Each structure stands twice: as C-alpha cells, then as structure tokens.
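> Take a look at run.csv, CSV, C-alpha atoms:
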chain,number,residue,atom,x,y,z
A,1,LYS,CA,44.8,25.1,12.1
A,2,LEU,CA,43.3,23.6,9.0
A,3,ILE,CA,41.3,20.4,9.9
A,4,VAL,CA,40.8,17.9,7.1
A,5,SER,CA,38.1,15.3,7.5
A,6,ASP,CA,38.7,11.6,6.7
A,7,LYS,CA,36.3,11.8,3.8
A,8,GLU,CA,38.3,14.7,2.3
A,9,ARG,CA,41.4,12.7,1.9
A,10,HIS,CA,42.3,9.1,1.1
A,11,HIS,CA,45.2,6.9,2.2
A,12,PRO,CA,47.4,6.1,-0.8
A,13,ILE,CA,47.6,2.5,0.3
A,14,LYS,CA,44.0,2.0,-0.7
A,15,LYS,CA,44.4,3.1,-4.3
A,16,TYR,CA,40.8,2.3,-5.2
A,17,LEU,CA,37.5,3.4,-3.7
A,18,THR,CA,34.0,1.8,-4.1
A,19,ALA,CA,31.5,4.0,-5.8
A,20,LYS,CA,30.0,5.1,-2.5
A,21,GLN,CA,33.4,5.9,-1.0
A,22,PHE,CA,34.3,7.8,-4.2
A,23,ILE,CA,31.1,9.8,-4.1
A,24,ASP,CA,31.7,10.7,-0.4
A,25,TYR,CA,35.3,11.7,-1.3
A,26,CYS,CA,34.1,13.9,-4.1
A,27,LYS,CA,31.4,15.6,-2.0
A,28,ALA,CA,33.8,16.2,0.9
A,29,ASN,CA,36.0,18.0,-1.6
A,30,ARG,CA,33.1,20.1,-3.0
A,31,VAL,CA,32.8,18.2,-6.3
A,32,ASP,CA,29.2,17.2,-7.1
A,33,ALA,CA,28.8,13.4,-7.5
A,34,SER,CA,26.1,10.8,-7.1
A,35,PRO,CA,25.4,7.2,-8.3
A,36,HIS,CA,23.1,8.6,-11.0
A,37,LEU,CA,25.8,11.1,-12.2
A,38,LEU,CA,28.5,8.3,-12.4
A,39,GLU,CA,26.1,6.1,-14.3
A,40,ILE,CA,25.3,8.8,-16.8
A,41,TYR,CA,28.9,9.6,-17.4
A,42,GLU,CA,29.6,6.0,-18.0
A,43,LYS,CA,26.6,5.6,-20.3
A,44,TYR,CA,28.0,8.4,-22.5
A,45,CYS,CA,31.6,7.0,-22.3
A,46,LEU,CA,32.8,10.0,-20.4
A,47,LEU,CA,34.1,8.2,-17.3
A,48,PHE,CA,34.3,4.5,-16.5
A,49,PRO,CA,34.9,2.7,-13.3
A,50,VAL,CA,38.4,1.3,-13.3
A,51,TYR,CA,37.0,-2.1,-12.3
A,52,ARG,CA,33.6,-3.7,-11.8
A,53,LEU,CA,33.0,-6.8,-9.7
A,54,ILE,CA,29.8,-8.6,-10.8
A,55,VAL,CA,28.7,-11.7,-8.8
A,56,PRO,CA,26.0,-14.2,-9.7
A,57,GLU,CA,22.5,-13.6,-8.3
A,58,ARG,CA,22.6,-17.1,-6.9
A,59,TYR,CA,25.7,-16.3,-4.9
A,60,ILE,CA,24.1,-13.2,-3.4
A,61,LYS,CA,21.0,-15.1,-2.4
A,62,THR,CA,22.9,-18.0,-1.0
A,63,THR,CA,25.1,-15.8,1.2
A,64,PHE,CA,22.1,-13.8,2.4
A,65,GLU,CA,20.3,-17.0,3.5
A,66,TYR,CA,23.4,-18.3,5.2
A,67,ARG,CA,23.8,-15.1,7.2
A,68,LYS,CA,20.2,-15.3,8.3
A,69,ARG,CA,20.7,-18.9,9.5
A,70,ARG,CA,23.9,-18.1,11.3
A,71,LEU,CA,22.2,-15.3,13.2
A,72,ARG,CA,19.7,-17.8,14.5
A,73,ASP,CA,22.3,-20.5,15.2
A,74,PRO,CA,25.9,-19.2,15.7
A,75,SER,CA,27.2,-22.8,15.9
A,76,ILE,CA,26.8,-23.1,12.1
A,77,PRO,CA,30.3,-23.2,10.7
A,78,SER,CA,31.7,-20.4,8.6
A,79,PHE,CA,30.5,-20.1,5.0
A,80,GLU,CA,32.8,-21.9,2.6
A,81,CYS,CA,32.7,-21.2,-1.1
A,82,CYS,CA,33.3,-24.0,-3.6
A,83,GLY,CA,33.6,-24.5,-7.3
A,84,ASP,CA,33.0,-21.5,-9.5
A,85,TRP,CA,32.5,-19.1,-6.6
A,86,LYS,CA,36.0,-19.5,-5.2
A,87,PRO,CA,37.4,-16.5,-7.1
A,88,ILE,CA,34.8,-14.3,-5.5
A,89,GLU,CA,35.7,-15.3,-2.0
A,90,HIS,CA,39.4,-15.1,-2.8
A,91,LEU,CA,39.0,-11.5,-3.9
A,92,PHE,CA,36.8,-10.5,-0.9
A,93,SER,CA,39.4,-12.1,1.4
A,94,ALA,CA,42.2,-10.3,-0.2
A,95,LEU,CA,40.4,-6.9,0.0
A,96,ASP,CA,39.5,-7.5,3.7
A,97,SER,CA,43.1,-8.3,4.5
A,98,TYR,CA,44.2,-5.2,2.6
A,99,ARG,CA,41.8,-3.0,4.5
A,100,ILE,CA,43.0,-4.0,7.9
A,101,SER,CA,46.6,-3.5,6.8
A,102,ASP,CA,47.7,-7.1,7.6
A,103,ILE,CA,51.5,-6.9,7.3
A,104,ALA,CA,52.0,-10.3,5.8
A,105,PHE,CA,49.5,-9.4,3.2
A,106,LEU,CA,51.1,-6.0,2.5
A,107,GLU,CA,54.4,-7.8,1.9
A,108,ASP,CA,52.6,-9.8,-0.8
A,109,THR,CA,51.1,-6.6,-2.1
A,110,PHE,CA,54.6,-5.2,-2.5
A,111,LYS,CA,55.4,-8.1,-4.7
A,112,ASN,CA,52.2,-8.5,-6.6
A,113,GLY,CA,50.4,-5.2,-6.5
A,114,HIS,CA,46.9,-4.2,-5.3
A,115,PRO,CA,44.4,-7.1,-4.9
A,116,LEU,CA,42.2,-5.7,-7.6
A,117,ASP,CA,45.1,-5.3,-10.1
A,118,ASN,CA,46.4,-8.7,-9.1
A,119,GLU,CA,43.1,-10.5,-9.5
A,120,PHE,CA,42.4,-8.8,-12.8
A,121,LYS,CA,45.8,-10.0,-14.1
A,122,SER,CA,45.0,-13.5,-12.8
A,123,ASN,CA,41.8,-13.4,-15.0
A,124,ASN,CA,39.3,-13.5,-12.1
A,125,PRO,CA,36.1,-14.2,-14.2
A,126,PHE,CA,34.0,-11.9,-12.0
A,127,LEU,CA,36.2,-8.8,-12.2
A,128,LYS,CA,36.0,-6.7,-15.4
A,129,LYS,CA,37.3,-3.4,-16.8
A,130,PRO,CA,34.1,-1.6,-18.0
A,131,THR,CA,33.9,-0.5,-21.6
A,132,GLN,CA,31.4,1.2,-23.8
A,133,LEU,CA,30.3,-2.2,-25.2
A,134,ASP,CA,29.1,-3.7,-21.9
A,135,PHE,CA,27.2,-0.8,-20.3
A,136,VAL,CA,24.2,-1.9,-18.2
A,137,PRO,CA,21.9,0.5,-16.3
A,138,TRP,CA,23.0,0.3,-12.7
A,139,GLN,CA,19.5,-0.5,-11.4
A,140,ASP,CA,19.7,-3.7,-13.4
A,141,TYR,CA,22.4,-4.9,-10.9
A,142,CYS,CA,19.9,-4.6,-8.0
A,143,THR,CA,18.1,-7.8,-7.1
A,144,THR,CA,15.8,-9.0,-4.4
A,145,VAL,CA,17.6,-11.6,-2.3
A,146,GLY,CA,14.9,-12.4,0.3
A,147,CYS,CA,12.6,-11.0,2.9
A,148,GLU,CA,13.0,-9.7,6.5
A,149,GLU,CA,10.0,-8.9,8.6
A,150,GLY,CA,7.8,-9.2,5.6
A,151,GLN,CA,9.8,-6.7,3.6
A,152,PRO,CA,11.8,-7.5,0.5
A,153,VAL,CA,15.6,-7.1,0.9
A,154,LYS,CA,17.5,-5.8,-2.1
A,155,GLU,CA,21.3,-6.1,-2.7
A,156,ASN,CA,23.6,-5.2,-5.6
A,157,LEU,CA,25.2,-7.7,-7.8
A,158,ALA,CA,27.9,-5.2,-8.8
A,159,GLU,CA,30.5,-3.1,-7.0
A,160,HIS,CA,32.1,-0.3,-9.0
A,161,TYR,CA,35.7,0.8,-8.2
A,162,TYR,CA,37.2,4.2,-8.9
A,163,MET,CA,40.6,5.8,-8.4
A,164,PRO,CA,40.6,9.0,-6.2
A,165,CYS,CA,42.4,10.9,-9.0
A,166,GLN,CA,39.2,10.5,-11.1
A,167,ILE,CA,37.8,13.3,-9.0
A,168,PHE,CA,39.6,15.7,-11.4
A,169,VAL,CA,37.7,14.2,-14.4
A,170,ILE,CA,34.4,14.4,-12.5
A,171,ASN,CA,35.1,18.1,-11.7
A,172,ASP,CA,36.0,18.9,-15.3
A,173,LEU,CA,32.9,17.1,-16.7
A,174,ASN,CA,30.7,19.0,-14.2
A,175,ARG,CA,32.2,22.2,-15.4
A,176,MET,CA,31.5,21.2,-19.0
A,177,TYR,CA,27.9,20.0,-18.7
A,178,ILE,CA,26.4,22.0,-15.8
A,179,ILE,CA,24.6,25.1,-17.0
A,180,GLU,CA,23.6,27.9,-14.7
A,181,ILE,CA,20.4,29.8,-15.6
A,182,ASN,CA,19.2,33.2,-14.4
A,183,TYR,CA,15.5,32.8,-14.4
A,184,LEU,CA,14.9,36.5,-14.5
A,185,THR,CA,16.9,37.2,-17.6
A,186,ASN,CA,17.0,33.6,-19.0
A,187,HIS,CA,20.7,34.1,-19.4
A,188,GLN,CA,22.7,30.8,-19.5
A,189,LYS,CA,26.2,30.5,-18.2
A,190,GLY,CA,28.3,27.4,-18.6
A,191,TYR,CA,31.0,25.8,-20.7
A,192,ASP,CA,29.7,25.1,-24.3
A,193,CYS,CA,26.2,25.8,-23.1
A,194,LEU,CA,25.0,26.9,-26.6
A,195,ARG,CA,26.3,23.9,-28.6
A,196,LYS,CA,25.5,21.3,-26.0
A,197,LYS,CA,27.9,18.8,-27.6
A,198,ILE,CA,29.1,15.7,-25.8
A,199,HIS,CA,32.9,15.4,-25.6
A,200,GLN,CA,35.3,13.9,-23.2
A,201,SER,CA,37.4,15.6,-20.6
A,202,LYS,CA,40.9,16.3,-21.8
A,203,ILE,CA,42.1,15.2,-18.4
A,204,LEU,CA,41.6,11.7,-19.5
A,205,GLU,CA,44.7,12.1,-21.6
A,206,PHE,CA,46.7,11.9,-18.4
A,207,SER,CA,45.1,8.6,-17.2
A,208,ASP,CA,48.4,6.6,-17.6
A,209,ILE,CA,50.3,9.2,-15.6
A,210,PHE,CA,47.6,9.2,-12.8
A,211,GLN,CA,47.9,5.4,-12.7
A,212,THR,CA,51.7,5.5,-12.4
A,213,VAL,CA,51.6,8.0,-9.6
A,214,SER,CA,48.9,6.0,-7.8
A,215,ASP,CA,51.0,2.9,-8.1
A,216,TYR,CA,54.0,4.7,-6.8
A,217,ARG,CA,52.2,6.3,-3.8
A,218,MET,CA,50.6,3.0,-2.9
A,219,LEU,CA,53.9,1.1,-2.9
A,220,GLU,CA,55.5,3.9,-1.0
A,221,ALA,CA,52.8,3.6,1.7
A,222,VAL,CA,53.1,-0.2,1.7
A,223,ILE,CA,56.8,-0.1,2.2
A,224,LEU,CA,56.6,2.5,5.1
A,225,SER,CA,53.9,0.4,6.8
A,226,ILE,CA,56.1,-2.7,6.6
A,227,ILE,CA,59.2,-0.9,7.9
A,228,ALA,CA,57.2,0.7,10.7
A,229,ASP,CA,55.9,-2.6,11.8
A,230,LYS,CA,59.3,-4.3,11.8
A,231,LEU,CA,60.9,-1.5,13.7
A,232,GLU,CA,57.8,-1.0,16.0
A,233,THR,CA,57.9,2.7,15.3
A,234,ASN,CA,56.2,5.2,12.9
A,235,ILE,CA,59.3,7.3,12.7
A,236,ILE,CA,61.9,6.0,10.3
A,237,GLU,CA,65.0,8.1,10.9
A,238,GLY,CA,68.6,7.9,12.3
A,239,ASP,CA,69.6,4.4,13.4
A,240,ALA,CA,66.2,3.0,12.3
A,241,HIS,CA,67.5,2.9,8.7
A,242,GLU,CA,70.6,0.9,9.8
A,243,ASN,CA,68.6,-1.5,11.9
A,244,PHE,CA,66.0,-2.3,9.3
A,245,ILE,CA,66.7,-5.6,7.4
A,246,TRP,CA,64.4,-6.5,4.5
Using the file provided, produce a representation of the structure as structure tokens.


Amino acid sequence: KLIVSDKERHHPIKKYLTAKQFIDYCKANRVDASPHLLEIYEKYCLLFPVYRLIVPERYIKTTFEYRKRRLRDPSIPSFECCGDWKPIEHLFSALDSYRISDIAFLEDTFKNGHPLDNEFKSNNPFLKKPTQLDFVPWQDYCTTVGCEEGQPVKENLAEHYYMPCQIFVINDLNRMYIIEINYLTNHQKGYDCLRKKIHQSKILEFSDIFQTVSDYRMLEAVILSIIADKLETNIIEGDAHENFIW
C-alpha cells in the first residue's frame, strides 16, 4: 500500500500555501526548494509569489508587546485593531476561519472566493501581487521586534503565498539551472549548461489554466464540505442527494 504523507499532498480547499508550506510541499515531492531559491527566482523574474502580505513594522512590534503582556496577565482583553490596521486583522481572521473549515465561512467562500483573492479584489492595502518592479531582498523584511531573556526577537513583516501547482515551475527551473559536474573529468551535465542564459520556464504559459483548475478544485471541495456538514455524513450518495437542500 502506497502511503502519502501530509506534506506530499495538499487539500484543494486551501488553494494557497505560505512560503514555508510550499517549500515543505516541494521537498516532500522531491523537488529542491528553499527560501533562498524562491528569492533568487523572484529576483530574476522567473517565479513570483501569487500574493505577498506586508504589514507595518509598528504593527508587528505592537502585537509582540501585547502578547508578552497577556502572558503575564491573562485578564488583559483580546487585542483589537483600529484605524489603518483593520484590514490586516480582517485578513488574518478570514484565513484563520478558512483554515479551521468553519462552515458558515465556507458558504461565504463559495460566493466570494478564497480570502486572499477576495481581499485583493477588495483592495486590501497590505496585500500585493509581486512584480519585477517591487522586488526587495527577503532579509529586508526581517525586523527586531523586542527582546526575550536578553536576546533579540526577530519576525518577518512579509508573508509570501504560492499555489501548489507552482511546484511544476520550480521543478522545471531547477532542471534548467542546476548543473551537475564530474570533478574527475570536469564534464558538465545540465540543460543549457554551456550558454548559461536566463530564460523563463515555458510552464508559465499555462498559468491561467492552473489558476482555473485550482479555483474549480477549491470550490468543489468547499461544496462537498458544506454538503457533508448539512447531511452529517462524508458520503454523498443515494438518498443524500435528494435530502440535501441548498
């Protein structure tokens, strides 16, 4: 029996993965990936995250200090965002609800799409689609938010989101740019290893198709989750179709 680990697969209802989740997904499927590799591919316009969430440094530091205070005093009320930071908390709340498969929220997702897509369409000022014009070295997103036990604590201002289907682009780029060298003969083996030109993966030509398929599979999974919840069963067959009322 073939056993597939959780990291080797993804649930279509998620649609997007954080950079860390995407790297784990790639590695589990034997595709080389790392934060540095993703950064370099973005730098040379070979592969971009679908979305990037960038929050203000002051927001990160404020929430860090709040968490420290609440650990010392649990009676402190929950953190409430106000003013310009409300879109950040709204997006985080939407993603949290989506992760735990809240049925009411999934019904909203069926109507409005994935939270990231919906927030981008709603012009959330902190959510961007990366382009070649706004590349920033990823280390520049790292900032010191405070100290714990005398040691500086660092957090990232940015979260990069990828689609699982981008694993095919990563794999193709690796094939194009990784050169194997025999140190005894100095023989080089690899795609275009002599010219060493930078060019994009042709798989990118199918990006729109990948997006459409991902949308379809996400909505299919959302619908099945809603139906299963209403019918209190994971098996939708026979009389279940007749008993289900949308």

> Taking all atoms listed in the file into account, name the residue in A:Phe210, A:Phe48, A:Ala19, A:Ile167 that is nearest to A:Asp134.

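Using all atoms listed in the file, A:Asp134 sits closest to A:Phe48.
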
> Report, in Å with one decimal, the straight-line distance from atom CA of A:Ile103 to atom CA of A:Leu231.

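Computing it gives 12.6 Å between the two atoms.
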
> Looking at A:Arg217, A:His160, A:Lys61, A:His199, which one is nearest to A:Lys20, with distances taken over all atoms listed in the file?

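The shortest atom-to-atom distance to A:Lys20 comes from A:His160.
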
> Kindly indicate which residue among A:Trp138, A:Lys129, A:Ser93, A:Val50 lies nearest to A:Ser207, using all atoms listed in the file for the distances.

A:Val50

> At what distance in Å, to one decimal, does atom CA of A:Lys121 lie from atom CA of A:Ala221?

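Going from atom CA of A:Ala221 over to atom CA of A:Lys121 covers 22.0 Å.
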
> Select, from A:Asp96, A:Asp102, A:Glu39, A:Glu80, the residue with the minimum atom-to-atom distance to A:Leu116, counting all atoms listed in the file.

A:Asp96

> Just give me the gap between atom CA of A:Lys128 and atom CA of A:Leu157 in Å, one decimal is fine.

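One can read the atom CA of A:Lys128 to atom CA of A:Leu157 distance as 13.2 Å.
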
> From the options A:Leu184, A:Leu95, A:Leu38, A:Cys82, which residue's atoms come nearest to A:Thr109, counting all atoms listed in the file?

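So, comparing all the options, the nearest one is A:Leu95.
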
> Nearest residue to A:His90 out of A:Phe168, A:Phe126, A:Phe110, A:Tyr51, using all atoms listed in the file?

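Distance minimum relative to A:His90 lands on A:Phe126.
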
> When you look at stretch 10-14 of chain A with a cut-off of 8 Å (counting only C-alpha atoms), what residues show up, excluding the ones that are within fewer than 6 positions of it in the same chain? I need them as a PyMOL selection string.

chain A and resi 25+98-99+164+214+217-219+221-222

> Please list as a tab-separated table (two decimals) with C-alpha atoms, in the coordinates of the input every residue within 9 Å of A:Val169, counting all atoms listed in the file and excluding residues in the same chain fewer than 4 positions away.


chain	number	residue	atom	x	y	z
A	46	LEU	CA	32.80	10.00	-20.40
A	47	LEU	CA	34.10	8.20	-17.30
A	165	CYS	CA	42.40	10.90	-9.00
A	173	LEU	CA	32.90	17.10	-16.70
A	174	ASN	CA	30.70	19.00	-14.20
A	201	SER	CA	37.40	15.60	-20.60
A	202	LYS	CA	40.90	16.30	-21.80
A	203	ILE	CA	42.10	15.20	-18.40
A	204	LEU	CA	41.60	11.70	-19.50

> Please tell me which residues are no farther than 7 Å from (13.1, -7.3, -4.4) in the file, counting only C-alpha atoms, and write them as a ChimeraX atom specification.

/A:143-145,152-154

> Near A:Phe22, within 9 Å and counting only C-alpha atoms, which residues show up once chain neighbours fewer than 3 positions away are dropped, as a PDB file with C-alpha atoms, in the coordinates of the input?


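File selection-v7.pdb, as written:
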ATOM      1  CA  TYR A  16      40.800   2.300  -5.200  1.00  0.00           C
ATOM      2  CA  LEU A  17      37.500   3.400  -3.700  1.00  0.00           C
ATOM      3  CA  THR A  18      34.000   1.800  -4.100  1.00  0.00           C
ATOM      4  CA  ALA A  19      31.500   4.000  -5.800  1.00  0.00           C
ATOM      5  CA  TYR A  25      35.300  11.700  -1.300  1.00  0.00           C
ATOM      6  CA  CYS A  26      34.100  13.900  -4.100  1.00  0.00           C
ATOM      7  CA  LYS A  27      31.400  15.600  -2.000  1.00  0.00           C
ATOM      8  CA  ALA A  33      28.800  13.400  -7.500  1.00  0.00           C
ATOM      9  CA  TYR A 161      35.700   0.800  -8.200  1.00  0.00           C
ATOM     10  CA  TYR A 162      37.200   4.200  -8.900  1.00  0.00           C
ATOM     11  CA  MET A 163      40.600   5.800  -8.400  1.00  0.00           C
ATOM     12  CA  PRO A 164      40.600   9.000  -6.200  1.00  0.00           C
ATOM     13  CA  GLN A 166      39.200  10.500 -11.100  1.00  0.00           C
ATOM     14  CA  ILE A 167      37.800  13.300  -9.000  1.00  0.00           C
TER      15      ILE A 167
END
